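This is start-v4.txt. It holds compact mmCIF, C-alpha atoms.
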# COMPACT_ATOMS: atom_id res chain seq x y z
CA MET A 18 -114.75 69.29 -25.01
CA ALA A 19 -111.31 70.67 -24.20
CA ARG A 20 -110.82 74.33 -24.92
CA SER A 21 -107.78 76.08 -26.34
CA SER A 22 -106.74 79.58 -25.38
CA PRO A 23 -105.89 81.89 -28.28
CA ALA A 24 -102.87 84.15 -28.22
CA HIS A 25 -103.73 87.66 -27.10
CA ALA A 26 -100.47 89.60 -27.02
CA ALA A 27 -100.22 92.15 -29.79
CA ALA A 28 -96.99 92.27 -31.78
CA PRO A 29 -94.81 95.36 -31.28
CA GLY A 30 -96.23 98.25 -33.25
CA SER A 31 -99.52 96.47 -33.95
CA THR A 32 -102.99 97.54 -32.89
CA VAL A 33 -104.29 96.07 -29.63
CA PRO A 34 -107.18 93.70 -30.53
CA THR A 35 -110.57 94.99 -29.45
CA THR A 36 -114.17 93.93 -29.72
CA THR A 37 -117.25 96.11 -29.58
CA ARG A 38 -120.64 95.79 -27.96
CA GLN A 39 -123.24 98.30 -29.05
CA GLY A 40 -120.49 100.74 -29.96
CA VAL A 41 -118.47 100.30 -26.74
CA ALA A 42 -114.88 99.11 -27.33
CA LEU A 43 -113.68 96.25 -25.14
CA LEU A 44 -110.15 94.86 -25.02
CA ALA A 45 -110.31 91.33 -26.39
CA SER A 46 -107.33 90.25 -24.28
CA LYS A 47 -109.43 90.69 -21.13
CA LEU A 48 -112.13 88.29 -22.34
CA ALA A 49 -110.10 85.07 -22.48
CA PRO A 50 -107.46 83.41 -20.27
CA PRO A 51 -103.91 84.76 -20.69
CA GLN A 52 -101.19 82.69 -22.27
CA PRO A 53 -98.89 81.29 -19.54
CA ALA A 54 -95.51 83.00 -19.40
CA HIS A 55 -93.81 79.89 -18.01
CA ALA A 56 -94.06 76.13 -18.25
CA THR A 57 -97.10 74.82 -16.38
CA VAL A 58 -98.26 71.40 -15.26
CA LEU A 59 -101.68 69.86 -14.91
CA ARG A 60 -102.64 69.44 -11.25
CA PRO A 61 -105.62 67.05 -11.33
CA ARG A 62 -106.38 67.34 -7.60
CA LEU A 63 -107.00 71.08 -7.90
CA VAL A 64 -108.81 70.87 -11.23
CA SER A 65 -111.15 68.28 -9.70
CA GLN A 66 -111.62 70.40 -6.59
CA LEU A 67 -112.52 73.45 -8.69
CA SER A 68 -114.91 71.36 -10.80
CA ARG A 69 -116.70 70.17 -7.65
CA ALA A 70 -116.84 73.72 -6.29
CA VAL A 71 -118.36 75.08 -9.51
CA GLN A 72 -120.94 72.30 -9.51
CA ARG A 73 -122.21 72.99 -6.00
CA SER A 74 -121.70 76.70 -5.24
CA PRO A 75 -122.92 79.94 -6.80
CA LEU A 76 -119.60 81.54 -5.75
CA THR A 77 -116.11 80.03 -5.69
CA LEU A 78 -113.16 82.03 -4.34
CA LEU A 79 -109.58 81.24 -5.39
CA SER A 80 -107.52 83.22 -2.90
CA GLY A 81 -103.74 83.42 -2.54
CA PRO A 82 -100.75 85.73 -2.93
CA ALA A 83 -99.26 86.67 -6.26
CA GLY A 84 -97.64 83.72 -7.98
CA SER A 85 -99.59 81.06 -6.09
CA GLY A 86 -101.19 79.60 -9.22
CA LYS A 87 -104.74 80.99 -9.12
CA THR A 88 -104.86 82.08 -12.76
CA VAL A 89 -103.08 78.94 -13.96
CA LEU A 90 -105.59 76.76 -12.10
CA ALA A 91 -108.59 78.65 -13.49
CA THR A 92 -107.11 78.56 -17.00
CA THR A 93 -106.34 74.84 -16.79
CA TRP A 94 -109.86 74.11 -15.60
CA TRP A 95 -111.30 76.33 -18.36
CA GLN A 96 -109.32 74.44 -21.00
CA THR A 97 -110.04 70.92 -19.72
CA GLN A 98 -113.61 70.97 -18.40
CA GLU A 99 -115.88 68.91 -20.62
CA ASP A 100 -119.35 70.18 -19.71
CA ASP A 101 -121.27 71.90 -22.47
CA ARG A 102 -122.08 74.93 -20.31
CA PRO A 103 -120.60 78.25 -21.47
CA VAL A 104 -117.61 79.63 -19.57
CA ALA A 105 -117.00 83.38 -19.67
CA TRP A 106 -113.65 84.91 -18.70
CA LEU A 107 -112.87 88.44 -17.53
CA THR A 108 -109.50 89.79 -16.37
CA LEU A 109 -109.74 93.02 -14.41
CA ASP A 110 -107.36 95.89 -13.77
CA ASP A 111 -107.58 99.23 -11.96
CA TYR A 112 -109.34 100.87 -14.90
CA ASP A 113 -112.33 98.57 -14.44
CA ASP A 114 -113.29 99.86 -10.98
CA ASP A 115 -116.07 101.88 -12.57
CA PRO A 116 -119.63 100.48 -12.62
CA ALA A 117 -120.35 101.18 -16.29
CA THR A 118 -116.97 99.82 -17.45
CA PHE A 119 -117.22 96.76 -15.21
CA TRP A 120 -120.72 95.77 -16.31
CA ASN A 121 -119.91 96.39 -19.96
CA TYR A 122 -117.08 93.90 -19.61
CA VAL A 123 -119.24 91.39 -17.73
CA VAL A 124 -121.86 91.40 -20.49
CA GLY A 125 -119.10 91.37 -23.12
CA ALA A 126 -117.53 88.32 -21.47
CA LEU A 127 -120.88 86.52 -21.40
CA ALA A 128 -121.50 87.37 -25.05
CA ALA A 129 -118.01 86.16 -26.00
CA ALA A 130 -118.85 82.83 -24.32
CA GLY A 131 -121.94 82.47 -26.48
CA VAL A 132 -124.51 83.60 -23.91
CA PRO A 133 -127.38 85.51 -25.61
CA CYS A 134 -127.26 89.07 -24.28
CA THR A 135 -130.02 90.71 -26.30
CA GLY A 136 -131.88 93.38 -24.40
CA LEU A 137 -128.96 94.19 -22.09
CA PRO A 138 -127.88 97.76 -22.86
CA ALA A 139 -124.31 99.06 -23.03
CA HIS A 140 -123.30 101.84 -20.65
CA VAL A 141 -121.21 105.00 -20.93
CA PRO A 142 -118.00 104.75 -18.86
CA GLY A 143 -118.02 107.23 -16.02
CA GLU A 144 -121.81 107.30 -15.85
CA SER A 145 -123.79 105.14 -13.45
CA PRO A 146 -125.80 102.34 -15.08
CA PRO A 147 -129.58 102.53 -14.58
CA SER A 148 -130.64 101.27 -11.15
CA GLY A 149 -132.56 98.40 -12.68
CA PHE A 150 -129.69 97.05 -14.78
CA VAL A 151 -128.25 94.48 -12.35
CA PRO A 152 -131.69 93.02 -11.49
CA GLN A 153 -132.33 92.83 -15.24
CA LEU A 154 -129.02 91.00 -15.75
CA ALA A 155 -129.75 88.64 -12.83
CA ALA A 156 -133.19 87.81 -14.26
CA HIS A 157 -131.61 87.30 -17.69
CA VAL A 158 -129.05 84.85 -16.28
CA ALA A 159 -131.63 83.02 -14.15
CA ALA A 160 -133.72 82.44 -17.30
CA LEU A 161 -130.88 80.86 -19.28
CA PRO A 162 -131.54 77.26 -20.40
CA ARG A 163 -128.26 76.04 -18.87
CA PRO A 164 -125.78 77.31 -16.26
CA VAL A 165 -123.01 79.72 -17.18
CA VAL A 166 -119.67 80.08 -15.39
CA LEU A 167 -118.12 83.56 -15.12
CA VAL A 168 -114.44 83.57 -14.12
CA VAL A 169 -113.21 86.96 -12.91
CA ASP A 170 -109.42 87.11 -12.60
CA ASP A 171 -107.69 89.77 -10.48
CA ALA A 172 -111.05 90.39 -8.83
CA ASP A 173 -109.45 92.36 -5.98
CA HIS A 174 -109.15 95.32 -8.36
CA VAL A 175 -112.84 95.94 -7.67
CA THR A 176 -113.38 98.16 -4.64
CA ASN A 177 -116.28 100.31 -5.85
CA ARG A 178 -119.20 99.75 -3.47
CA ALA A 179 -121.77 100.00 -6.26
CA ILE A 180 -120.03 97.18 -8.16
CA ILE A 181 -119.74 95.07 -5.01
CA SER A 182 -123.44 95.51 -4.23
CA GLY A 183 -124.33 94.60 -7.81
CA LEU A 184 -122.17 91.47 -7.71
CA ASP A 185 -123.81 90.41 -4.46
CA LEU A 186 -127.24 90.87 -6.00
CA LEU A 187 -126.17 88.90 -9.09
CA VAL A 188 -124.85 86.01 -6.96
CA ARG A 189 -128.00 85.89 -4.83
CA HIS A 190 -130.50 86.18 -7.68
CA GLY A 191 -128.78 84.46 -10.56
CA GLY A 192 -130.45 81.28 -9.39
CA SER A 193 -128.95 77.96 -10.29
CA ARG A 194 -127.82 79.34 -13.64
CA LEU A 195 -124.82 81.40 -12.45
CA ARG A 196 -121.50 80.08 -11.21
CA LEU A 197 -119.11 82.92 -10.33
CA VAL A 198 -115.40 82.14 -9.83
CA LEU A 199 -113.31 84.96 -8.36
CA CYS A 200 -109.49 84.84 -8.42
CA ALA A 201 -108.01 87.34 -5.97
CA ARG A 202 -104.98 88.02 -3.79
CA ALA A 203 -107.24 89.15 -0.94
CA ASP A 204 -110.86 88.53 -0.06
CA PRO A 205 -113.20 90.75 -2.10
CA LEU A 206 -115.47 93.15 -0.23
CA LEU A 207 -118.48 90.88 -0.74
CA PRO A 208 -120.31 89.58 2.38
CA ILE A 209 -118.12 86.48 2.55
CA HIS A 210 -119.26 85.50 6.05
CA GLN A 211 -122.90 85.47 4.92
CA TYR A 212 -122.07 83.18 2.01
CA ARG A 213 -120.21 80.84 4.36
CA LEU A 214 -123.14 80.69 6.77
CA ALA A 215 -125.55 80.08 3.89
CA GLY A 216 -123.31 77.40 2.37
CA THR A 217 -123.30 79.18 -1.00
CA MET A 218 -119.54 79.65 -1.35
CA SER A 219 -116.60 77.31 -1.95
CA GLU A 220 -113.01 78.33 -1.24
CA ILE A 221 -109.62 77.22 -2.53
CA ARG A 222 -106.95 79.04 -0.59
CA CYS A 223 -103.19 79.33 -0.36
CA ASP A 224 -102.62 76.09 1.57
CA GLU A 225 -104.48 74.10 -1.07
CA LEU A 226 -102.84 75.97 -3.96
CA ALA A 227 -99.38 75.08 -2.60
CA PHE A 228 -97.45 72.51 -4.64
CA THR A 229 -96.99 69.04 -3.20
CA PRO A 230 -93.61 67.27 -3.54
CA ASP A 231 -94.93 65.20 -6.45
CA GLU A 232 -96.27 68.31 -8.19
CA THR A 233 -92.91 69.98 -7.54
CA CYS A 234 -91.21 67.13 -9.41
CA ASP A 235 -93.58 67.59 -12.33
CA LEU A 236 -93.12 71.37 -12.40
CA LEU A 237 -89.33 71.23 -12.35
CA ALA A 238 -89.32 68.57 -15.04
CA ALA A 239 -91.51 70.83 -17.19
CA MET A 240 -88.96 73.60 -16.60
CA GLY A 241 -86.18 71.33 -17.84
CA VAL A 242 -84.75 70.73 -14.34
CA PRO A 243 -85.61 67.14 -13.38
CA VAL A 244 -84.80 66.44 -9.73
CA SER A 245 -84.99 63.46 -7.39
CA PRO A 246 -87.97 63.06 -5.06
CA GLU A 247 -85.70 63.97 -2.14
CA VAL A 248 -84.67 67.27 -3.72
CA ALA A 249 -88.32 67.99 -4.63
CA ARG A 250 -89.39 67.44 -1.03
CA ALA A 251 -86.65 69.74 0.23
CA LEU A 252 -87.52 72.50 -2.25
CA CYS A 253 -91.21 72.12 -1.51
CA ALA A 254 -90.56 72.48 2.23
CA GLU A 255 -88.21 75.45 1.74
CA THR A 256 -90.68 77.37 -0.42
CA GLN A 257 -93.84 76.09 1.30
CA GLY A 258 -95.03 75.00 -2.14
CA TRP A 259 -95.23 78.57 -3.46
CA ALA A 260 -95.12 78.33 -7.24
CA VAL A 261 -92.98 81.42 -7.84
CA GLY A 262 -90.64 80.38 -5.03
CA LEU A 263 -90.15 77.01 -6.69
CA ARG A 264 -89.31 78.68 -10.01
CA LEU A 265 -86.79 80.95 -8.32
CA ALA A 266 -85.26 78.06 -6.39
CA ALA A 267 -84.99 75.98 -9.56
CA ALA A 268 -83.21 78.68 -11.60
CA PRO A 269 -79.70 77.96 -10.20
CA LEU A 270 -80.20 74.24 -10.91
CA LYS A 271 -80.42 74.76 -14.68

Have the structure of the file written as structure tokens, please.
Amino acid sequence: MARSSPAHAAAPGSTVPTTTRQGVALLASKLAPPQPAHATVLRPRLVSQLSRAVQRSPLTLLSGPAGSGKTVLATTWWQTQEDDRPVAWLTLDDYDDDPATFWNYVVGALAAAGVPCTGLPAHVPGESPPSGFVPQLAAHVAALPRPVVLVVDDADHVTNRAIISGLDLLVRHGGSRLRLVLCARADPLLPIHQYRLAGTMSEIRCDELAFTPDETCDLLAAMGVPVSPEVARALCAETQGWAVGLRLAAAPLK
């Protein structure tokens, strides 16, 4: 069933929407995909590639520079995938590079996606979670009746070694029930080479995220700047298919 993304931006002067988990306040805007700021287009080749990656790999990495379309791809997949498995979303920022804060948001994201999280305690920000928490979470996920996908956007904000070690443990012991999708501008500090050797990671990188000439035509048309295939090929070559570069190149054509 296709999913719709609610609006999350608070109106000027209004209170920022929050949710709570066992008394801990969580920003609701971080627990669902953001609304796109610009016109977007469906790119079936990438949506299909991400769907295949999620099916086969415990970890999928979407890696590329700012403006390459990582978040848009993950959001499009989230909205269009038709499996009945729950999909949890978490957008990170610098304030989340704290183990208690990070894991509170992870459990909050899972709960927001409908995953039962009874028995998983909340943590006090600034204090280390109990040493047994991540194994408890991994066992909880592994025991779920169906797989759950956790999309973590802006994952490169996480540099804390304790969080990285916990994520690695969660990936390795979540069994067949966890599918983790990380969107990042640079490779996270996880043992990527080990995942590659073990065949437990899929990757969609900058070259694959780049727009093709046909996708460039579709994007510019969605922006209200229809162009000929020849112009689309030229713009695609000039920008190397970089989404933000295409938007900047198209601005003078309006």

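Using all atoms listed in the file, the nearest neighbour of Ala160 of chain A within the list A:Val89, A:Leu195, A:Val104, A:Leu207 is A:Leu195.
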
Next item on the list: Considering only C-alpha atoms, return as a VMD selection string whatever protein or nucleic-acid residues lie within 6 Å of segment 227-240 of chain A, sequence-local ones (same chain, fewer than 5 positions apart) excluded.
Entry: chain A and resid 56 58 249 to 250 253 258 to 259

Next item on the list: Could you check how far atom CA of Pro162 of chain A sits from atom CA of Thr35 of chain A, in Å to one decimal?
Entry: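 Computing it gives 28.9 Å between the two atoms.
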
Using only C-alpha atoms, what table do you get, as a tab-separated table, when you list each residue of segment 51-112 of chain A with an atom no more than 12 Å from segment 176-180 of chain A, its nearest pair of atoms, and their distance in Å rounded to one decimal, rows by chain then rising number?
residue	atom	partner	partner_atom	distance
A:Leu109	CA	A:Thr176	CA	11.6
A:Asp110	CA	A:Thr176	CA	11.2
A:Asp111	CA	A:Thr176	CA	9.4
A:Tyr112	CA	A:Thr176	CA	11.4

With C-alpha atoms retained, could you export that selection as a CSV table (one decimal), in the frame of the given file?
chain,number,residue,atom,x,y,z
A,109,LEU,CA,-109.7,93.0,-14.4
A,110,ASP,CA,-107.4,95.9,-13.8
A,111,ASP,CA,-107.6,99.2,-12.0
A,112,TYR,CA,-109.3,100.9,-14.9

Check: By how many Å are atom CA of Val166 of chain A and atom CA of Arg102 of chain A apart?
Finding: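 Atom CA of Val166 of chain A sits 7.5 Å away from atom CA of Arg102 of chain A.
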
Check: Nearest to Thr92 of chain A among A:Val261, A:Leu206, A:Val169, A:Leu137, with distances taken over all atoms listed in the file: which residue is it?
Finding: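 Comparing A:Val261, A:Leu206, A:Val169, A:Leu137 against Thr92 of chain A, the winner is A:Val169.
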
Could you rebuild segment 191-202 of chain A with all heavy atoms and give it back as a CSV table (one decimal), keeping the file's coordinate frame?
chain,number,residue,atom,x,y,z
A,191,GLY,N,-129.0,85.1,-9.3
A,191,GLY,CA,-128.8,84.5,-10.6
A,191,GLY,C,-129.3,83.0,-10.6
A,191,GLY,O,-129.3,82.4,-11.6
A,192,GLY,N,-129.9,82.6,-9.5
A,192,GLY,CA,-130.4,81.3,-9.4
A,192,GLY,C,-129.4,80.2,-9.6
A,192,GLY,O,-128.2,80.4,-9.3
A,193,SER,N,-129.9,79.1,-10.1
A,193,SER,CA,-129.0,78.0,-10.3
A,193,SER,C,-128.2,78.1,-11.6
A,193,SER,O,-127.5,77.2,-12.0
A,193,SER,CB,-129.7,76.6,-10.3
A,193,SER,OG,-130.7,76.6,-11.3
A,194,ARG,N,-128.4,79.2,-12.3
A,194,ARG,CA,-127.8,79.3,-13.6
A,194,ARG,C,-126.5,80.1,-13.6
A,194,ARG,O,-125.8,80.1,-14.6
A,194,ARG,CB,-128.8,80.1,-14.6
A,194,ARG,CG,-130.0,79.3,-14.9
A,194,ARG,CD,-129.6,78.0,-15.7
A,194,ARG,NE,-130.7,77.3,-16.2
A,194,ARG,CZ,-131.1,76.1,-15.6
A,194,ARG,NH1,-130.4,75.6,-14.6
A,194,ARG,NH2,-132.1,75.4,-16.1
A,195,LEU,N,-126.1,80.7,-12.5
A,195,LEU,CA,-124.8,81.4,-12.4
A,195,LEU,C,-123.8,80.7,-11.5
A,195,LEU,O,-124.2,80.3,-10.4
A,195,LEU,CB,-125.0,82.8,-11.9
A,195,LEU,CG,-123.7,83.6,-11.8
A,195,LEU,CD1,-123.1,83.9,-13.1
A,195,LEU,CD2,-124.0,84.9,-11.0
A,196,ARG,N,-122.6,80.6,-12.0
A,196,ARG,CA,-121.5,80.1,-11.2
A,196,ARG,C,-120.4,81.1,-11.4
A,196,ARG,O,-119.8,81.2,-12.4
A,196,ARG,CB,-121.0,78.7,-11.7
A,196,ARG,CG,-122.1,77.6,-11.3
A,196,ARG,CD,-122.2,77.4,-9.8
A,196,ARG,NE,-123.1,76.4,-9.4
A,196,ARG,CZ,-124.4,76.6,-9.1
A,196,ARG,NH1,-124.9,77.8,-9.2
A,196,ARG,NH2,-125.1,75.6,-8.7
A,197,LEU,N,-120.1,81.9,-10.3
A,197,LEU,CA,-119.1,82.9,-10.3
A,197,LEU,C,-117.8,82.4,-9.7
A,197,LEU,O,-117.9,82.0,-8.5
A,197,LEU,CB,-119.6,84.2,-9.6
A,197,LEU,CG,-118.7,85.4,-9.5
A,197,LEU,CD1,-118.4,85.9,-10.9
A,197,LEU,CD2,-119.4,86.5,-8.7
A,198,VAL,N,-116.7,82.5,-10.4
A,198,VAL,CA,-115.4,82.1,-9.8
A,198,VAL,C,-114.5,83.4,-9.8
A,198,VAL,O,-114.3,84.0,-10.8
A,198,VAL,CB,-114.7,81.1,-10.7
A,198,VAL,CG1,-113.3,80.7,-10.2
A,198,VAL,CG2,-115.6,79.8,-10.8
A,199,LEU,N,-114.1,83.8,-8.6
A,199,LEU,CA,-113.3,85.0,-8.4
A,199,LEU,C,-111.9,84.6,-8.0
A,199,LEU,O,-111.7,83.8,-7.0
A,199,LEU,CB,-113.9,85.8,-7.2
A,199,LEU,CG,-115.3,86.4,-7.4
A,199,LEU,CD1,-115.7,87.2,-6.2
A,199,LEU,CD2,-115.4,87.2,-8.7
A,200,CYS,N,-110.9,85.1,-8.7
A,200,CYS,CA,-109.5,84.8,-8.4
A,200,CYS,C,-108.9,86.1,-7.8
A,200,CYS,O,-109.0,87.2,-8.5
A,200,CYS,CB,-108.7,84.5,-9.7
A,200,CYS,SG,-109.3,83.0,-10.6
A,201,ALA,N,-108.4,86.1,-6.6
A,201,ALA,CA,-108.0,87.3,-6.0
A,201,ALA,C,-106.9,87.1,-5.0
A,201,ALA,O,-106.8,86.0,-4.4
A,201,ALA,CB,-109.2,88.0,-5.2
A,202,ARG,N,-106.0,88.1,-4.8
A,202,ARG,CA,-105.0,88.0,-3.8
A,202,ARG,C,-105.5,88.2,-2.4
A,202,ARG,O,-104.9,87.8,-1.4
A,202,ARG,CB,-103.9,89.1,-4.1
A,202,ARG,CG,-103.2,88.9,-5.5
A,202,ARG,CD,-102.2,89.9,-5.7
A,202,ARG,NE,-101.6,89.8,-7.0
A,202,ARG,CZ,-100.6,90.6,-7.5
A,202,ARG,NH1,-100.1,91.5,-6.7
A,202,ARG,NH2,-100.2,90.5,-8.7
